[in-house]
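**Student:** Attaching a single structure in structure tokens format; questions to follow.
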Amino acid sequence: MAFADGTSLVPSFGSSLGAAMSTKLGAARRAPEACPALVLNADFRPLSYYPLSLWSWQDAIKAVFLERVNIVSNYETSVRSPSFSMALPSVVSLKSYVKPPQYPAFTRFNLFLWDRFSCQYCGDQLDLTFDHVVPRSKGGMTTWRNVVAACSPCNLRKANHMPDKIGMVPMQKPYQPTMHELHRNGRYFPPNYLHDSWMDYLYWDSALEP
Ligand SMILES: [Zn+2]
């Protein structure tokens with residue numbers, strides 16, 4: 001990356017150093033590309049859970065230089081220019097609070113998460129798709145209040161029938177969850193990659209619940 005003043009930062013182990021060096025570094029030191037920064041709001045909660053608010057190392061460092069964020073925690077991996085070196089931030093927090101949306105976006109992932117990646121008719125977790133509870137052909141809308149996760153066989157079986165006509169009623173009534181309600185499900189389905197330094201910020205609020 002390059003800054004307006006001509007300063008450029010290069011990873012402290014670049015391609016010129018070869019693969020041997022990066023393998024020697026082991027798991028603790030990662031390539032910069034594998035060092036996303038978790039972005040926290042000014043209240044130290046993640047700016048977003050779904051998707052998890054992550055910035056590339058370049059964006060994180062740019063925000064540090066623009067004084068938009070504070071560094072909360074670092075990776076062991078550094079980047080350097082001829083004049084200085086800097087550890088890559090693993091967690092940054094915004095200096096100004098951004099009001100989070102009250103309701104999560106109606107997305108494929110969020111709907112599956114809300115339904116816990118389970119068919120709402122039989123509980124199966126394989127071959128998931130969506131089902132319009134009131135079929136589209138009968139005026140059913142594509143919204144939180146009318147769409148549920150369903151396995152393909154159940155989706156095919158229900159077809160264009162009304163739920164009571166065919167005796168297929170979703171286990172959980174379709175509903176638009178609040179962000180807080182969706183977060184409760186999130187801890188059961190953590191993202192694939194979670195850096196140790198992120199843990200304190202991801203699930204502390206849900207841990208306080210009974
Ligand atoms: Zn099913």
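If you're wondering about the labels, chains in the structure tokens are A, B, ... by order shown, residues count from 1 in each chain, ligands from 1 in order shown.
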Can you write out as a tab-separated table which residues of chain A fall within 7 Å of ligand 1, alongside each residue's closest atom pair and its distance in Å to one decimal, counting only C-alpha atoms and all ligand atoms and ordering rows by chain and ascending residue number?

**Tutor:**
```
residue	atom	partner	partner_atom_place_in_ligand_line	distance
A:Cys119	CA	ligand 1	1 (Zn)	4.7
A:Gln120	CA	ligand 1	1 (Zn)	6.6
A:Tyr121	CA	ligand 1	1 (Zn)	5.0
A:Cys122	CA	ligand 1	1 (Zn)	4.1
A:Gly123	CA	ligand 1	1 (Zn)	5.9
A:Asp124	CA	ligand 1	1 (Zn)	5.3
A:Ala150	CA	ligand 1	1 (Zn)	5.3
A:Cys151	CA	ligand 1	1 (Zn)	4.2
A:Ser152	CA	ligand 1	1 (Zn)	6.8
A:Pro153	CA	ligand 1	1 (Zn)	6.1
A:Cys154	CA	ligand 1	1 (Zn)	4.3
```

**Student:** Near range 30-45 of chain A, within 8 Å and counting only C-alpha atoms, which residues show up once chain neighbours fewer than 5 positions away are dropped, as a ChimeraX atom specification?

**Tutor:** /A:11,13,22,25,52-57,60,75-79,88-98,198,201-202

**Student:** What would the file look like if the residues just selected were written as an mmCIF file, in the first residue's frame with C-alpha atoms?

**Tutor:**
```cif
data_model
loop_
_atom_site.group_PDB
_atom_site.id
_atom_site.type_symbol
_atom_site.label_atom_id
_atom_site.label_comp_id
_atom_site.auth_asym_id
_atom_site.auth_seq_id
_atom_site.Cartn_x
_atom_site.Cartn_y
_atom_site.Cartn_z
ATOM 1 C CA PRO A 11 5.178 -6.947 4.604
ATOM 2 C CA PHE A 13 8.414 -11.083 4.900
ATOM 3 C CA SER A 22 7.000 -18.058 6.025
ATOM 4 C CA LEU A 25 7.380 -18.518 11.093
ATOM 5 C CA LEU A 52 -18.322 -10.172 11.082
ATOM 6 C CA SER A 53 -16.754 -6.727 10.677
ATOM 7 C CA LEU A 54 -13.247 -7.430 9.402
ATOM 8 C CA TRP A 55 -10.852 -5.185 7.535
ATOM 9 C CA SER A 56 -7.839 -6.154 5.485
ATOM 10 C CA TRP A 57 -4.500 -5.212 7.045
ATOM 11 C CA ALA A 60 -6.828 -1.271 9.148
ATOM 12 C CA TYR A 75 -0.666 -9.748 15.480
ATOM 13 C CA GLU A 76 2.931 -10.866 15.711
ATOM 14 C CA THR A 77 3.263 -10.126 12.004
ATOM 15 C CA SER A 78 4.693 -6.714 11.119
ATOM 16 C CA VAL A 79 4.895 -4.565 8.022
ATOM 17 C CA LEU A 88 -0.487 -5.487 12.138
ATOM 18 C CA PRO A 89 -3.555 -4.716 14.240
ATOM 19 C CA SER A 90 -5.681 -7.746 15.082
ATOM 20 C CA VAL A 91 -8.373 -5.652 16.797
ATOM 21 C CA VAL A 92 -9.169 -1.970 16.247
ATOM 22 C CA SER A 93 -11.926 0.163 17.726
ATOM 23 C CA LEU A 94 -13.640 3.116 16.078
ATOM 24 C CA LYS A 95 -13.082 6.479 17.739
ATOM 25 C CA SER A 96 -16.633 7.580 16.898
ATOM 26 C CA TYR A 97 -19.615 5.448 17.823
ATOM 27 C CA VAL A 98 -21.729 4.220 14.922
ATOM 28 C CA TRP A 198 -10.979 -11.519 19.078
ATOM 29 C CA TYR A 201 -15.027 -9.047 22.039
ATOM 30 C CA LEU A 202 -17.207 -11.560 20.257
#
```

**Student:** Show which residues sit within 12 Å of Phe117 in chain A, as an mmCIF file with N, CA and C atoms, in the first residue's frame. Count only C-alpha atoms, and ignore same-chain residues fewer than 5 positions away.

**Tutor:**
```cif
data_model
loop_
_atom_site.group_PDB
_atom_site.id
_atom_site.type_symbol
_atom_site.label_atom_id
_atom_site.label_comp_id
_atom_site.auth_asym_id
_atom_site.auth_seq_id
_atom_site.Cartn_x
_atom_site.Cartn_y
_atom_site.Cartn_z
ATOM 1 N N ARG A 108 -29.577 -14.342 2.878
ATOM 2 C CA ARG A 108 -29.536 -15.800 2.907
ATOM 3 C C ARG A 108 -28.888 -16.300 4.203
ATOM 4 N N PHE A 109 -27.701 -15.749 4.501
ATOM 5 C CA PHE A 109 -26.981 -16.207 5.688
ATOM 6 C C PHE A 109 -27.759 -15.901 6.956
ATOM 7 N N ASN A 110 -28.279 -14.680 7.069
ATOM 8 C CA ASN A 110 -28.978 -14.302 8.297
ATOM 9 C C ASN A 110 -30.226 -15.151 8.515
ATOM 10 N N LEU A 111 -30.935 -15.453 7.424
ATOM 11 C CA LEU A 111 -32.137 -16.275 7.575
ATOM 12 C C LEU A 111 -31.771 -17.698 8.015
ATOM 13 N N PHE A 112 -30.738 -18.263 7.400
ATOM 14 C CA PHE A 112 -30.295 -19.597 7.817
ATOM 15 C C PHE A 112 -29.847 -19.573 9.277
ATOM 16 N N CYS A 122 -38.722 -30.418 9.121
ATOM 17 C CA CYS A 122 -38.299 -31.728 9.617
ATOM 18 C C CYS A 122 -37.037 -31.669 10.474
ATOM 19 N N GLY A 123 -36.386 -30.525 10.538
ATOM 20 C CA GLY A 123 -35.195 -30.387 11.373
ATOM 21 C C GLY A 123 -33.903 -30.808 10.693
ATOM 22 N N ASP A 124 -33.989 -31.341 9.482
ATOM 23 C CA ASP A 124 -32.795 -31.762 8.757
ATOM 24 C C ASP A 124 -31.877 -30.559 8.499
ATOM 25 N N GLN A 125 -30.560 -30.841 8.501
ATOM 26 C CA GLN A 125 -29.626 -29.737 8.265
ATOM 27 C C GLN A 125 -28.911 -29.863 6.927
ATOM 28 N N LEU A 126 -29.316 -30.828 6.119
ATOM 29 C CA LEU A 126 -28.657 -31.029 4.833
ATOM 30 C C LEU A 126 -29.507 -30.446 3.711
ATOM 31 N N ASP A 127 -28.818 -30.042 2.638
ATOM 32 C CA ASP A 127 -29.523 -29.659 1.422
ATOM 33 C C ASP A 127 -30.547 -28.548 1.686
ATOM 34 N N LEU A 128 -30.089 -27.506 2.363
ATOM 35 C CA LEU A 128 -31.027 -26.441 2.755
ATOM 36 C C LEU A 128 -31.323 -25.472 1.625
ATOM 37 N N THR A 129 -32.564 -25.055 1.603
ATOM 38 C CA THR A 129 -32.975 -24.013 0.674
ATOM 39 C C THR A 129 -34.009 -23.164 1.422
ATOM 40 N N PHE A 130 -34.817 -22.416 0.679
ATOM 41 C CA PHE A 130 -35.818 -21.567 1.320
ATOM 42 C C PHE A 130 -37.215 -22.025 0.959
ATOM 43 N N VAL A 148 -38.800 -19.337 5.379
ATOM 44 C CA VAL A 148 -38.078 -20.139 6.375
ATOM 45 C C VAL A 148 -37.058 -21.032 5.664
ATOM 46 N N ALA A 149 -36.072 -21.487 6.427
ATOM 47 C CA ALA A 149 -35.134 -22.479 5.913
ATOM 48 C C ALA A 149 -35.861 -23.812 5.798
ATOM 49 N N ALA A 150 -35.636 -24.504 4.711
ATOM 50 C CA ALA A 150 -36.273 -25.808 4.506
ATOM 51 C C ALA A 150 -35.332 -26.679 3.687
ATOM 52 N N CYS A 151 -35.367 -27.986 3.945
ATOM 53 C CA CYS A 151 -34.563 -28.881 3.113
ATOM 54 C C CYS A 151 -35.270 -29.033 1.767
ATOM 55 N N ASN A 185 -28.134 -16.590 18.393
ATOM 56 C CA ASN A 185 -27.870 -17.800 17.606
ATOM 57 C C ASN A 185 -26.428 -17.845 17.114
ATOM 58 N N GLY A 186 -25.816 -16.664 16.991
ATOM 59 C CA GLY A 186 -24.495 -16.584 16.382
ATOM 60 C C GLY A 186 -23.446 -17.392 17.106
ATOM 61 N N TYR A 188 -23.578 -20.195 18.331
ATOM 62 C CA TYR A 188 -23.601 -21.615 17.954
ATOM 63 C C TYR A 188 -22.930 -21.861 16.604
ATOM 64 N N PHE A 189 -22.734 -20.789 15.853
ATOM 65 C CA PHE A 189 -22.177 -20.948 14.505
ATOM 66 C C PHE A 189 -21.064 -19.934 14.284
#
```

**Student:** May I ask which of the residues A:Val133, A:Met199, A:Ala87, A:Leu194 is the closest one to Pro170 in chain A, counting only C-alpha atoms?

**Tutor:**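 When distances to Pro170 in chain A are compared using only C-alpha atoms, the smallest one comes from A:Val133.
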
**Student:** DSSP on the backbone, strand (DSSP E or B) only: what residues of range 54-207 of chain A does that give? Format it as a ChimeraX atom specification.

**Tutor:** /A:54-55,69-80,85-94,128-132,147-151

**Student:** How would the residues just chosen look if you wrote them out with C-alpha atoms as a tab-separated table (two decimals), in the first residue's frame?

**Tutor:**
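again-v2.tsv, written as the output of this step:
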```tsv
chain	number	residue	atom	x	y	z
A	54	LEU	CA	-13.25	-7.43	9.40
A	55	TRP	CA	-10.85	-5.18	7.53
A	69	VAL	CA	-9.45	3.93	15.04
A	70	ASN	CA	-7.46	2.93	18.09
A	71	ILE	CA	-5.40	-0.23	18.07
A	72	VAL	CA	-6.67	-2.66	20.69
A	73	SER	CA	-4.49	-5.68	19.93
A	74	ASN	CA	-1.80	-6.73	17.44
A	75	TYR	CA	-0.67	-9.75	15.48
A	76	GLU	CA	2.93	-10.87	15.71
A	77	THR	CA	3.26	-10.13	12.00
A	78	SER	CA	4.69	-6.71	11.12
A	79	VAL	CA	4.90	-4.57	8.02
A	80	ARG	CA	7.70	-2.12	7.46
A	85	SER	CA	7.91	-1.01	11.16
A	86	MET	CA	4.49	-1.66	12.59
A	87	ALA	CA	2.74	-4.71	13.98
A	88	LEU	CA	-0.49	-5.49	12.14
A	89	PRO	CA	-3.56	-4.72	14.24
A	90	SER	CA	-5.68	-7.75	15.08
A	91	VAL	CA	-8.37	-5.65	16.80
A	92	VAL	CA	-9.17	-1.97	16.25
A	93	SER	CA	-11.93	0.16	17.73
A	94	LEU	CA	-13.64	3.12	16.08
A	128	LEU	CA	-31.03	-26.44	2.75
A	129	THR	CA	-32.98	-24.01	0.67
A	130	PHE	CA	-35.82	-21.57	1.32
A	131	ASP	CA	-39.53	-22.06	1.54
A	132	HIS	CA	-42.26	-19.45	1.21
A	147	VAL	CA	-39.67	-17.30	4.40
A	148	VAL	CA	-38.08	-20.14	6.37
A	149	ALA	CA	-35.13	-22.48	5.91
A	150	ALA	CA	-36.27	-25.81	4.51
A	151	CYS	CA	-34.56	-28.88	3.11
```

**Student:** What does the structure give for the distance between CA of Ser81 in chain A and CA of Tyr193 in chain A, in Å to one decimal?

**Tutor:**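 These atoms are spaced 28.4 Å apart.
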
**Student:** Can you list every residue in range 10-139 of chain A that DSSP puts in alpha helix (DSSP H), as a ChimeraX atom specification?

**Tutor:** /A:18-25,57-65,108-114

**Student:** Using only C-alpha atoms, can you tell me which of A:Met141, A:Val134, A:Leu47, A:Leu182 comes closest to His161 in chain A?

**Tutor:**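 When distances to His161 in chain A are compared using only C-alpha atoms, the smallest one comes from A:Val134.
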
**Student:** By how many Å are CA of Pro174 in chain A and CA of Asn146 in chain A apart?

**Tutor:**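 Going from CA of Pro174 in chain A over to CA of Asn146 in chain A, I get 5.7 Å.
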
**Student:** What is the CA of Ala159 in chain A to CA of Pro177 in chain A distance in Å?

**Tutor:**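 Calculated distance between CA of Ala159 in chain A and CA of Pro177 in chain A is 25.6 Å.
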